[in-house]
Amino acid sequence: MTTSRPRAVDVFPMENYHLLVTFDNRERRVFDVNPYIKGSWFGQLRDVDVFSKVHIGGLSIEWPDGQDICPDRLYEDSIPYKQ
């Protein structure tokens, strides 16, 4: 039996560079992008207009200029969403 990591199916940008991610197992989790916003390429995400353009891409999430988060990191480093 093969188990696979849940896949992101929806993403919503939140305040303070956090993302609300819904996975295909119906879990909703919050991912903090702050540790990734460094350098010139990922640093573009500091612009809230750029950050808010996050979308589902392939197995994970990405931004229009190609910045993305590894699917394993996205799930493992996120925390359950509490309303």
# chains A, B, ... in the order shown; residues from 1 in each chain; ligands from 1
>>> select_by_dssp(residues="chain A", states="helix (DSSP H, G or I)", output="list in words")
Glu15, Asn16, Tyr17, Asn34, Pro35, Tyr36, Gly39, Ser40, Trp41, Phe42, Gly43, Gln44, Leu45, Arg46, Val48, Asp49, Val50, Phe51, Pro71, Asp72, Arg73, Leu74, Tyr75 and Glu76 of chain A
>>> write_last_selection(atoms="N, CA and C atoms", output="PDB file, in the first residue's frame")
ATOM      1  N   GLU A  15      -3.164  37.468   6.137  1.00  0.00           N
ATOM      2  CA  GLU A  15      -2.296  38.529   6.644  1.00  0.00           C
ATOM      3  C   GLU A  15      -0.950  37.976   7.077  1.00  0.00           C
ATOM      4  N   ASN A  16       0.028  38.858   7.144  1.00  0.00           N
ATOM      5  CA  ASN A  16       1.357  38.549   7.660  1.00  0.00           C
ATOM      6  C   ASN A  16       2.049  37.404   6.912  1.00  0.00           C
ATOM      7  N   TYR A  17       1.801  37.327   5.601  1.00  0.00           N
ATOM      8  CA  TYR A  17       2.473  36.355   4.734  1.00  0.00           C
ATOM      9  C   TYR A  17       2.221  34.900   5.150  1.00  0.00           C
ATOM     10  N   ASN A  34       6.895  33.542   5.686  1.00  0.00           N
ATOM     11  CA  ASN A  34       7.932  34.478   6.138  1.00  0.00           C
ATOM     12  C   ASN A  34       9.359  33.933   6.056  1.00  0.00           C
ATOM     13  N   PRO A  35       9.650  32.706   6.488  1.00  0.00           N
ATOM     14  CA  PRO A  35      11.031  32.215   6.421  1.00  0.00           C
ATOM     15  C   PRO A  35      11.577  32.100   4.995  1.00  0.00           C
ATOM     16  N   TYR A  36      10.713  32.082   4.006  1.00  0.00           N
ATOM     17  CA  TYR A  36      11.123  31.927   2.612  1.00  0.00           C
ATOM     18  C   TYR A  36      11.359  33.260   1.904  1.00  0.00           C
ATOM     19  N   GLY A  39      16.211  37.229  -0.212  1.00  0.00           N
ATOM     20  CA  GLY A  39      16.867  37.387  -1.505  1.00  0.00           C
ATOM     21  C   GLY A  39      16.012  38.142  -2.503  1.00  0.00           C
ATOM     22  N   SER A  40      16.522  38.265  -3.709  1.00  0.00           N
ATOM     23  CA  SER A  40      15.816  39.077  -4.702  1.00  0.00           C
ATOM     24  C   SER A  40      14.618  38.358  -5.321  1.00  0.00           C
ATOM     25  N   TRP A  41      14.715  37.025  -5.490  1.00  0.00           N
ATOM     26  CA  TRP A  41      13.633  36.314  -6.162  1.00  0.00           C
ATOM     27  C   TRP A  41      12.448  36.053  -5.232  1.00  0.00           C
ATOM     28  N   PHE A  42      12.657  35.369  -4.123  1.00  0.00           N
ATOM     29  CA  PHE A  42      11.575  35.156  -3.157  1.00  0.00           C
ATOM     30  C   PHE A  42      11.213  36.459  -2.452  1.00  0.00           C
ATOM     31  N   GLY A  43      12.160  37.397  -2.394  1.00  0.00           N
ATOM     32  CA  GLY A  43      11.897  38.701  -1.767  1.00  0.00           C
ATOM     33  C   GLY A  43      10.797  39.478  -2.467  1.00  0.00           C
ATOM     34  N   GLN A  44      10.531  39.157  -3.726  1.00  0.00           N
ATOM     35  CA  GLN A  44       9.436  39.815  -4.456  1.00  0.00           C
ATOM     36  C   GLN A  44       8.095  39.604  -3.746  1.00  0.00           C
ATOM     37  N   LEU A  45       8.008  38.520  -2.964  1.00  0.00           N
ATOM     38  CA  LEU A  45       6.749  38.209  -2.282  1.00  0.00           C
ATOM     39  C   LEU A  45       6.438  39.184  -1.151  1.00  0.00           C
ATOM     40  N   ARG A  46       7.412  40.018  -0.755  1.00  0.00           N
ATOM     41  CA  ARG A  46       7.152  41.051   0.258  1.00  0.00           C
ATOM     42  C   ARG A  46       6.114  42.051  -0.233  1.00  0.00           C
ATOM     43  N   VAL A  48       2.765  42.880  -1.231  1.00  0.00           N
ATOM     44  CA  VAL A  48       1.488  42.218  -0.943  1.00  0.00           C
ATOM     45  C   VAL A  48       0.713  41.913  -2.225  1.00  0.00           C
ATOM     46  N   ASP A  49       0.828  42.791  -3.228  1.00  0.00           N
ATOM     47  CA  ASP A  49       0.142  42.533  -4.496  1.00  0.00           C
ATOM     48  C   ASP A  49       0.682  41.271  -5.170  1.00  0.00           C
ATOM     49  N   VAL A  50       1.986  41.064  -5.098  1.00  0.00           N
ATOM     50  CA  VAL A  50       2.603  39.871  -5.664  1.00  0.00           C
ATOM     51  C   VAL A  50       2.224  38.656  -4.816  1.00  0.00           C
ATOM     52  N   PHE A  51       2.360  38.785  -3.492  1.00  0.00           N
ATOM     53  CA  PHE A  51       2.045  37.676  -2.588  1.00  0.00           C
ATOM     54  C   PHE A  51       0.615  37.178  -2.790  1.00  0.00           C
ATOM     55  N   PRO A  71       5.952  20.574  -2.185  1.00  0.00           N
ATOM     56  CA  PRO A  71       4.716  19.993  -1.623  1.00  0.00           C
ATOM     57  C   PRO A  71       4.907  19.387  -0.235  1.00  0.00           C
ATOM     58  N   ASP A  72       6.048  18.725  -0.003  1.00  0.00           N
ATOM     59  CA  ASP A  72       6.292  18.139   1.318  1.00  0.00           C
ATOM     60  C   ASP A  72       6.405  19.220   2.381  1.00  0.00           C
ATOM     61  N   ARG A  73       7.148  20.289   2.099  1.00  0.00           N
ATOM     62  CA  ARG A  73       7.296  21.407   3.043  1.00  0.00           C
ATOM     63  C   ARG A  73       5.943  22.039   3.316  1.00  0.00           C
ATOM     64  N   LEU A  74       5.167  22.234   2.258  1.00  0.00           N
ATOM     65  CA  LEU A  74       3.870  22.896   2.392  1.00  0.00           C
ATOM     66  C   LEU A  74       2.988  22.169   3.394  1.00  0.00           C
ATOM     67  N   TYR A  75       2.992  20.864   3.351  1.00  0.00           N
ATOM     68  CA  TYR A  75       2.151  20.095   4.266  1.00  0.00           C
ATOM     69  C   TYR A  75       2.809  19.932   5.636  1.00  0.00           C
ATOM     70  N   GLU A  76       4.053  19.489   5.650  1.00  0.00           N
ATOM     71  CA  GLU A  76       4.730  19.183   6.916  1.00  0.00           C
ATOM     72  C   GLU A  76       4.979  20.411   7.789  1.00  0.00           C
TER      73      GLU A  76
END
>>> residues_around(residues="Val11 in chain A", least_positions_apart="2", cutoff="7 Å", atoms="only C-alpha atoms", output="PyMOL selection string")
chain A and resi 13+19-22+55-56
>>> atom_distance(atom1="CA of Asp24 in chain A", atom2="CA of Arg5 in chain A")
9.5 Å
>>> decode(residues="range 37-71 of chain A", atoms="N, CA, C and O atoms", output="short mmCIF file (atom, residue, chain, number, x, y, z; two decimals), in the first residue's frame")
data_model
loop_
_atom_site.label_atom_id
_atom_site.label_comp_id
_atom_site.auth_asym_id
_atom_site.auth_seq_id
_atom_site.Cartn_x
_atom_site.Cartn_y
_atom_site.Cartn_z
N ILE A 37 10.85 34.35 2.47
CA ILE A 37 10.91 35.64 1.79
C ILE A 37 12.28 36.27 2.03
O ILE A 37 12.46 37.13 2.90
N LYS A 38 13.25 35.81 1.23
CA LYS A 38 14.63 36.28 1.33
C LYS A 38 15.19 36.43 -0.08
O LYS A 38 14.72 35.78 -1.01
N GLY A 39 16.21 37.23 -0.21
CA GLY A 39 16.87 37.39 -1.51
C GLY A 39 16.01 38.14 -2.50
O GLY A 39 14.92 38.60 -2.20
N SER A 40 16.52 38.27 -3.71
CA SER A 40 15.82 39.08 -4.70
C SER A 40 14.62 38.36 -5.32
O SER A 40 13.61 38.99 -5.62
N TRP A 41 14.71 37.02 -5.49
CA TRP A 41 13.63 36.31 -6.16
C TRP A 41 12.45 36.05 -5.23
O TRP A 41 11.33 36.50 -5.50
N PHE A 42 12.66 35.37 -4.12
CA PHE A 42 11.58 35.16 -3.16
C PHE A 42 11.21 36.46 -2.45
O PHE A 42 10.09 36.62 -1.97
N GLY A 43 12.16 37.40 -2.39
CA GLY A 43 11.90 38.70 -1.77
C GLY A 43 10.80 39.48 -2.47
O GLY A 43 10.18 40.37 -1.87
N GLN A 44 10.53 39.16 -3.73
CA GLN A 44 9.44 39.82 -4.46
C GLN A 44 8.10 39.60 -3.75
O GLN A 44 7.17 40.40 -3.90
N LEU A 45 8.01 38.52 -2.96
CA LEU A 45 6.75 38.21 -2.28
C LEU A 45 6.44 39.18 -1.15
O LEU A 45 5.32 39.19 -0.63
N ARG A 46 7.41 40.02 -0.76
CA ARG A 46 7.15 41.05 0.26
C ARG A 46 6.11 42.05 -0.23
O ARG A 46 5.41 42.67 0.56
N ASP A 47 6.02 42.20 -1.54
CA ASP A 47 5.00 43.06 -2.15
C ASP A 47 3.67 42.32 -2.01
O ASP A 47 3.48 41.25 -2.60
N VAL A 48 2.76 42.88 -1.23
CA VAL A 48 1.49 42.22 -0.94
C VAL A 48 0.71 41.91 -2.22
O VAL A 48 0.04 40.89 -2.32
N ASP A 49 0.83 42.79 -3.23
CA ASP A 49 0.14 42.53 -4.50
C ASP A 49 0.68 41.27 -5.17
O ASP A 49 -0.07 40.50 -5.75
N VAL A 50 1.99 41.06 -5.10
CA VAL A 50 2.60 39.87 -5.66
C VAL A 50 2.22 38.66 -4.82
O VAL A 50 1.82 37.62 -5.34
N PHE A 51 2.36 38.78 -3.49
CA PHE A 51 2.05 37.68 -2.59
C PHE A 51 0.62 37.18 -2.79
O PHE A 51 0.36 35.97 -2.78
N SER A 52 -0.31 38.10 -3.02
CA SER A 52 -1.73 37.74 -3.13
C SER A 52 -2.05 37.00 -4.43
O SER A 52 -3.15 36.47 -4.57
N LYS A 53 -1.09 36.91 -5.35
CA LYS A 53 -1.33 36.21 -6.62
C LYS A 53 -0.98 34.73 -6.55
O LYS A 53 -0.87 34.05 -7.56
N VAL A 54 -0.83 34.20 -5.34
CA VAL A 54 -0.54 32.78 -5.16
C VAL A 54 -1.68 31.94 -5.75
O VAL A 54 -2.84 32.35 -5.72
N HIS A 55 -1.32 30.81 -6.31
CA HIS A 55 -2.32 29.92 -6.90
C HIS A 55 -1.80 28.48 -6.86
O HIS A 55 -0.64 28.22 -6.59
N ILE A 56 -2.71 27.56 -7.14
CA ILE A 56 -2.34 26.15 -7.22
C ILE A 56 -1.54 25.95 -8.51
O ILE A 56 -1.92 26.45 -9.56
N GLY A 57 -0.44 25.22 -8.38
CA GLY A 57 0.38 24.91 -9.55
C GLY A 57 0.96 23.52 -9.40
O GLY A 57 1.76 23.27 -8.51
N GLY A 58 0.55 22.61 -10.24
CA GLY A 58 1.06 21.24 -10.15
C GLY A 58 0.64 20.59 -8.85
O GLY A 58 -0.54 20.58 -8.51
N LEU A 59 1.62 20.10 -8.09
CA LEU A 59 1.32 19.42 -6.83
C LEU A 59 1.32 20.35 -5.63
O LEU A 59 1.09 19.92 -4.51
N SER A 60 1.59 21.63 -5.85
CA SER A 60 1.73 22.54 -4.72
C SER A 60 1.16 23.91 -5.07
O SER A 60 0.20 24.01 -5.82
N ILE A 61 1.78 24.95 -4.52
CA ILE A 61 1.35 26.32 -4.78
C ILE A 61 2.50 27.08 -5.42
O ILE A 61 3.67 26.71 -5.26
N GLU A 62 2.16 28.14 -6.15
CA GLU A 62 3.20 28.94 -6.78
C GLU A 62 2.70 30.35 -7.03
O GLU A 62 1.51 30.64 -6.89
N TRP A 63 3.63 31.20 -7.43
CA TRP A 63 3.35 32.58 -7.77
C TRP A 63 3.66 32.78 -9.24
O TRP A 63 4.39 31.98 -9.85
N PRO A 64 3.16 33.87 -9.86
CA PRO A 64 3.33 34.08 -11.30
C PRO A 64 4.78 34.06 -11.81
O PRO A 64 5.02 33.63 -12.94
N ASP A 65 5.74 34.48 -11.01
CA ASP A 65 7.13 34.50 -11.47
C ASP A 65 7.84 33.17 -11.23
O ASP A 65 9.04 33.05 -11.46
N GLY A 66 7.12 32.15 -10.73
CA GLY A 66 7.68 30.82 -10.58
C GLY A 66 8.11 30.43 -9.18
O GLY A 66 8.50 29.29 -8.95
N GLN A 67 8.06 31.34 -8.22
CA GLN A 67 8.37 30.96 -6.84
C GLN A 67 7.36 29.89 -6.43
O GLN A 67 6.18 29.99 -6.75
N ASP A 68 7.85 28.88 -5.73
CA ASP A 68 6.95 27.82 -5.28
C ASP A 68 7.45 27.24 -3.97
O ASP A 68 8.56 27.52 -3.54
N ILE A 69 6.62 26.46 -3.36
CA ILE A 69 6.96 25.77 -2.10
C ILE A 69 6.86 24.27 -2.38
O ILE A 69 5.86 23.80 -2.93
N CYS A 70 7.87 23.55 -1.98
CA CYS A 70 7.90 22.09 -2.14
C CYS A 70 6.63 21.50 -1.50
O CYS A 70 6.26 21.88 -0.39
N PRO A 71 5.95 20.57 -2.18
CA PRO A 71 4.72 19.99 -1.62
C PRO A 71 4.91 19.39 -0.24
O PRO A 71 4.03 19.52 0.62
#
